[in-house]
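Here's the structure, in structure tokens; my notes come after.
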Amino acid sequence: MRVLFLVALLLSVMSPAAVADDGWSVVPSGGGRPSFYAEGAPGAVLQDTVSVRNPAAEPVRVRLGGGSWVVFARGGAPARTVSVEVPARTRAEVPFTVNIPAGATPGDHTDTLTARSPDGRSATVRLRLRVGGPEVPALTVEHVAVHGERISYDLVNRGTTTLTPSLAVRAEGLFGRRVLDRAPRTLPVDLRPGSRVRLSEPWPDPPALDAVDVRLTVTAGGGARDSGSVPVRFVPWGAVTGGAG
């Protein structure tokens, strides 16, 4: 099995370690890194070390854990979590591996290493992963619906890269009359490969009487683009009922 070493992030400004309330902290070993960054192909095993620091006058015990790809060595056997006792005014260096599955989707992935003490306090360090392979940006707009004064929809990342989408909204009534036209704007979401998010747009002044086609168009970097639409009929049922009476 080919072993690839983690690539350290080069930063011009030092960032603080993740610190728990009682003073102990976790940080990537070696200094100068606010988070872990790894690159490798599907099936690769990546290695690094996390440092648990205890500046207090008493020893502290913490339990380290990560996602499904993170494995610690405990007593010579791999484990998803490991308990570490750190003496007073010292630190413990804990090695771990990131085992990228053979069928992992190429692109960006994120995870965290989390340390917890018995009193419930915790600290985390972010783990950023890039799995090698072709980068395919793709997304879809699904389940577009209008409920009252809101337009709801799903965004799904169908590609292999993390996307920050932009949304444009347009609605046309009878005879092509434009009743809603919103220019593209960047959405406050980062879609990881395979992820789905449910969002909605306000529409405080829909028409009282019209047959409207609502269309959402979403774009993202790399040429990703998709649109979804839904027909909606607006009828003032109260007036209709009163007239019938």
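Here's how to read the names in the structure tokens: chain A, B, ... by the order shown, residue numbers from 1 in each chain, ligand numbers from 1 in the order shown.
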Q.
Residues within 7 Å of Arg198 (chain A), please, as a count of residues only. Count only C-alpha atoms; anything in the same chain fewer than 5 positions from it doesn't count.
A. 3
Wanna dump the region 122-153 of chain A-region 34-45 of chain A contacts at 9 Å for me, each residue with its shortest atom pair and the distance in Å to one decimal, counting only C-alpha atoms, ordered by chain and number, as JSON lines?
{"residue": "A:Val125", "atom": "CA", "partner": "A:Ser35", "partner_atom": "CA", "distance": 5.8}
{"residue": "A:Arg126", "atom": "CA", "partner": "A:Ser35", "partner_atom": "CA", "distance": 5.0}
{"residue": "A:Leu127", "atom": "CA", "partner": "A:Phe36", "partner_atom": "CA", "distance": 4.7}
{"residue": "A:Arg128", "atom": "CA", "partner": "A:Tyr37", "partner_atom": "CA", "distance": 4.8}
{"residue": "A:Leu129", "atom": "CA", "partner": "A:Ala38", "partner_atom": "CA", "distance": 4.8}
{"residue": "A:Arg130", "atom": "CA", "partner": "A:Glu39", "partner_atom": "CA", "distance": 4.8}
{"residue": "A:Val131", "atom": "CA", "partner": "A:Gly40", "partner_atom": "CA", "distance": 5.3}
{"residue": "A:Gly132", "atom": "CA", "partner": "A:Ala41", "partner_atom": "CA", "distance": 4.6}
{"residue": "A:Gly133", "atom": "CA", "partner": "A:Ala41", "partner_atom": "CA", "distance": 7.1}
**Q.** Of the listed residues A:Asp210, A:Asp48, A:Asp226, A:Glu135, that which approaches Glu172 (chain A) most closely, counting only C-alpha atoms
**A.**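 When distances to Glu172 (chain A) are compared using only C-alpha atoms, the smallest one comes from A:Asp210.
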(Q) as a list in words, please: the residues near Ile151 (chain A) (cut-off 9 Å, only C-alpha atoms, same-chain neighbours under 4 positions excluded). (A) Val144, Ala145, Val146, His147, Leu199, Ser200, Glu201, Pro202, Trp203 and Val214 of chain A
Kindly export the residues of the current selection with all heavy atoms, as a PDB file, in the first residue's frame.
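In the end it all went to again19.pdb:
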ATOM      1  N   VAL A 144     -38.712  22.148  -7.107  1.00  0.00           N
ATOM      2  CA  VAL A 144     -39.112  23.552  -7.038  1.00  0.00           C
ATOM      3  C   VAL A 144     -40.606  23.621  -6.709  1.00  0.00           C
ATOM      4  O   VAL A 144     -41.422  22.914  -7.314  1.00  0.00           O
ATOM      5  CB  VAL A 144     -38.810  24.275  -8.367  1.00  0.00           C
ATOM      6  CG1 VAL A 144     -39.227  25.748  -8.279  1.00  0.00           C
ATOM      7  CG2 VAL A 144     -37.332  24.157  -8.716  1.00  0.00           C
ATOM      8  N   ALA A 145     -40.962  24.462  -5.761  1.00  0.00           N
ATOM      9  CA  ALA A 145     -42.361  24.584  -5.355  1.00  0.00           C
ATOM     10  C   ALA A 145     -42.608  25.993  -4.834  1.00  0.00           C
ATOM     11  O   ALA A 145     -41.689  26.662  -4.348  1.00  0.00           O
ATOM     12  CB  ALA A 145     -42.725  23.551  -4.287  1.00  0.00           C
ATOM     13  N   VAL A 146     -43.866  26.433  -4.938  1.00  0.00           N
ATOM     14  CA  VAL A 146     -44.277  27.734  -4.412  1.00  0.00           C
ATOM     15  C   VAL A 146     -45.312  27.491  -3.333  1.00  0.00           C
ATOM     16  O   VAL A 146     -46.347  26.848  -3.580  1.00  0.00           O
ATOM     17  CB  VAL A 146     -44.846  28.642  -5.516  1.00  0.00           C
ATOM     18  CG1 VAL A 146     -45.352  29.952  -4.919  1.00  0.00           C
ATOM     19  CG2 VAL A 146     -43.796  28.912  -6.590  1.00  0.00           C
ATOM     20  N   HIS A 147     -45.030  27.979  -2.130  1.00  0.00           N
ATOM     21  CA  HIS A 147     -45.952  27.841  -1.000  1.00  0.00           C
ATOM     22  C   HIS A 147     -46.164  29.229  -0.404  1.00  0.00           C
ATOM     23  O   HIS A 147     -45.245  29.790   0.205  1.00  0.00           O
ATOM     24  CB  HIS A 147     -45.387  26.898   0.060  1.00  0.00           C
ATOM     25  CG  HIS A 147     -45.108  25.519  -0.454  1.00  0.00           C
ATOM     26  ND1 HIS A 147     -46.102  24.597  -0.703  1.00  0.00           N
ATOM     27  CD2 HIS A 147     -43.939  24.913  -0.781  1.00  0.00           C
ATOM     28  CE1 HIS A 147     -45.557  23.476  -1.145  1.00  0.00           C
ATOM     29  NE2 HIS A 147     -44.246  23.634  -1.214  1.00  0.00           N
ATOM     30  N   LEU A 199     -33.450  24.957   0.258  1.00  0.00           N
ATOM     31  CA  LEU A 199     -33.412  26.407   0.401  1.00  0.00           C
ATOM     32  C   LEU A 199     -34.749  27.000  -0.021  1.00  0.00           C
ATOM     33  O   LEU A 199     -35.600  26.306  -0.591  1.00  0.00           O
ATOM     34  CB  LEU A 199     -32.290  27.001  -0.456  1.00  0.00           C
ATOM     35  CG  LEU A 199     -30.861  26.535  -0.155  1.00  0.00           C
ATOM     36  CD1 LEU A 199     -29.902  27.052  -1.214  1.00  0.00           C
ATOM     37  CD2 LEU A 199     -30.441  26.992   1.229  1.00  0.00           C
ATOM     38  N   SER A 200     -34.920  28.289   0.243  1.00  0.00           N
ATOM     39  CA  SER A 200     -36.134  28.965  -0.194  1.00  0.00           C
ATOM     40  C   SER A 200     -35.841  30.435  -0.462  1.00  0.00           C
ATOM     41  O   SER A 200     -34.876  31.002   0.059  1.00  0.00           O
ATOM     42  CB  SER A 200     -37.242  28.838   0.857  1.00  0.00           C
ATOM     43  OG  SER A 200     -36.912  29.544   2.035  1.00  0.00           O
ATOM     44  N   GLU A 201     -36.687  31.026  -1.300  1.00  0.00           N
ATOM     45  CA  GLU A 201     -36.585  32.430  -1.667  1.00  0.00           C
ATOM     46  C   GLU A 201     -37.897  33.127  -1.301  1.00  0.00           C
ATOM     47  O   GLU A 201     -38.977  32.588  -1.562  1.00  0.00           O
ATOM     48  CB  GLU A 201     -36.369  32.577  -3.177  1.00  0.00           C
ATOM     49  CG  GLU A 201     -34.965  32.277  -3.637  1.00  0.00           C
ATOM     50  CD  GLU A 201     -34.009  33.415  -3.292  1.00  0.00           C
ATOM     51  OE1 GLU A 201     -34.261  34.571  -3.695  1.00  0.00           O
ATOM     52  OE2 GLU A 201     -33.014  33.133  -2.619  1.00  0.00           O
ATOM     53  N   PRO A 202     -37.819  34.320  -0.716  1.00  0.00           N
ATOM     54  CA  PRO A 202     -39.057  35.047  -0.414  1.00  0.00           C
ATOM     55  C   PRO A 202     -39.677  35.620  -1.686  1.00  0.00           C
ATOM     56  O   PRO A 202     -38.976  36.036  -2.613  1.00  0.00           O
ATOM     57  CB  PRO A 202     -38.583  36.168   0.521  1.00  0.00           C
ATOM     58  CG  PRO A 202     -37.152  36.383   0.140  1.00  0.00           C
ATOM     59  CD  PRO A 202     -36.622  35.033  -0.250  1.00  0.00           C
ATOM     60  N   TRP A 203     -40.994  35.623  -1.746  1.00  0.00           N
ATOM     61  CA  TRP A 203     -41.747  36.259  -2.832  1.00  0.00           C
ATOM     62  C   TRP A 203     -42.947  36.940  -2.198  1.00  0.00           C
ATOM     63  O   TRP A 203     -44.065  36.421  -2.200  1.00  0.00           O
ATOM     64  CB  TRP A 203     -42.179  35.220  -3.865  1.00  0.00           C
ATOM     65  CG  TRP A 203     -42.703  35.822  -5.140  1.00  0.00           C
ATOM     66  CD1 TRP A 203     -42.712  37.152  -5.504  1.00  0.00           C
ATOM     67  CD2 TRP A 203     -43.308  35.117  -6.224  1.00  0.00           C
ATOM     68  NE1 TRP A 203     -43.259  37.320  -6.735  1.00  0.00           N
ATOM     69  CE2 TRP A 203     -43.635  36.075  -7.220  1.00  0.00           C
ATOM     70  CE3 TRP A 203     -43.593  33.777  -6.466  1.00  0.00           C
ATOM     71  CZ2 TRP A 203     -44.246  35.725  -8.418  1.00  0.00           C
ATOM     72  CZ3 TRP A 203     -44.192  33.426  -7.656  1.00  0.00           C
ATOM     73  CH2 TRP A 203     -44.522  34.381  -8.635  1.00  0.00           C
ATOM     74  N   VAL A 214     -42.538  29.723 -12.916  1.00  0.00           N
ATOM     75  CA  VAL A 214     -41.419  30.155 -12.086  1.00  0.00           C
ATOM     76  C   VAL A 214     -40.193  29.318 -12.445  1.00  0.00           C
ATOM     77  O   VAL A 214     -40.247  28.083 -12.428  1.00  0.00           O
ATOM     78  CB  VAL A 214     -41.742  29.994 -10.584  1.00  0.00           C
ATOM     79  CG1 VAL A 214     -40.547  30.400  -9.737  1.00  0.00           C
ATOM     80  CG2 VAL A 214     -42.974  30.802 -10.220  1.00  0.00           C
TER      81      VAL A 214
END
Q: DSSP on the backbone, then: every residue of region 18-217 of chain A marked strand (DSSP E), written as a ChimeraX atom specification.
A: /A:18-19,25-28,36-40,45-54,60-65,70-74,77-79,81-86,90-99,107-116,122-131,139-147,150-157,166-172,178-186,196-202,210-217
Q) Closest to Leu46 (chain A) among A:Asn99, A:Thr160, A:Thr219, A:Thr140, using only C-alpha atoms? A)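 Closest to Leu46 (chain A) of all the choices is A:Asn99.
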Q: With a distance cut-off of 6 Å and only C-alpha atoms, select the neighbouring residues of Val169 (chain A), excluding the residue or stretch itself and same-chain residues fewer than 2 positions from it, and output the selection as a list in words.
A: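 Contacts, with the query itself left out: Asp181, Arg182 and Leu216 of chain A.
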Would you export the selected residues with N, CA and C atoms as a PDB file, in the first residue's frame, please?
ATOM      1  N   ASP A 181     -38.150  39.041 -11.618  1.00  0.00           N
ATOM      2  CA  ASP A 181     -36.867  38.957 -12.321  1.00  0.00           C
ATOM      3  C   ASP A 181     -35.758  39.378 -11.364  1.00  0.00           C
ATOM      4  N   ARG A 182     -35.046  38.386 -10.806  1.00  0.00           N
ATOM      5  CA  ARG A 182     -33.963  38.669  -9.868  1.00  0.00           C
ATOM      6  C   ARG A 182     -32.633  38.250 -10.494  1.00  0.00           C
ATOM      7  N   LEU A 216     -35.963  28.796 -11.780  1.00  0.00           N
ATOM      8  CA  LEU A 216     -34.745  29.056 -11.023  1.00  0.00           C
ATOM      9  C   LEU A 216     -33.550  28.569 -11.842  1.00  0.00           C
TER      10      LEU A 216
END
Q. What is the distance between CA of Val50 (chain A) and CA of Ser83 (chain A), in Å to one decimal?
A. 13.1 Å
Q) What gap, in Å, lies between CA of Leu139 (chain A) and CA of Pro188 (chain A)? A)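 CA of Pro188 (chain A) lies at a distance of 15.8 Å from CA of Leu139 (chain A).
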Counting only C-alpha atoms, which residues of region 115-183 of chain A sit at most 6 Å from some atom of region 58-72 of chain A, and what is each one's closest atom pair with its distance in Å to one decimal, listed by chain and rising residue number, as a Markdown table?
| residue | atom | partner | partner_atom | distance |
| --- | --- | --- | --- | --- |
| A:Ala115 | CA | A:Leu64 | CA | 4.5 |
| A:Arg116 | CA | A:Val62 | CA | 5.2 |
| A:Ser117 | CA | A:Val62 | CA | 4.4 |
Q. Of the candidates A:Arg91, A:Arg185, A:Leu209, A:Ala168, which shows the shortest atom-to-atom distance to Ser229 (chain A), using only C-alpha atoms?
A. A:Ala168
**Q.** Nearest residue to Thr97 (chain A) from the set A:Leu180, A:Val218, A:Ala73, A:Ala138 (distances using only C-alpha atoms)
**A.**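 Selected residue with least distance to Thr97 (chain A): A:Ala73.
Rounded to one decimal, CA of Gly120 (chain A) and CA of Val27 (chain A) lie 18.8 Å from each other.
For the residues A:Ala208, A:Val141, A:Ala57, A:Val26, ranking by smallest atom-to-atom distance to Ala88 (chain A) using only C-alpha atoms places A:Ala57 first.
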(Q) Here is a test: counting only C-alpha atoms, which residue of A:Val52, A:Val156, A:Ile100, A:Ala220 is nearest to Glu85 (chain A)? (A)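 Smallest separation from Glu85 (chain A) among the options: A:Val52.
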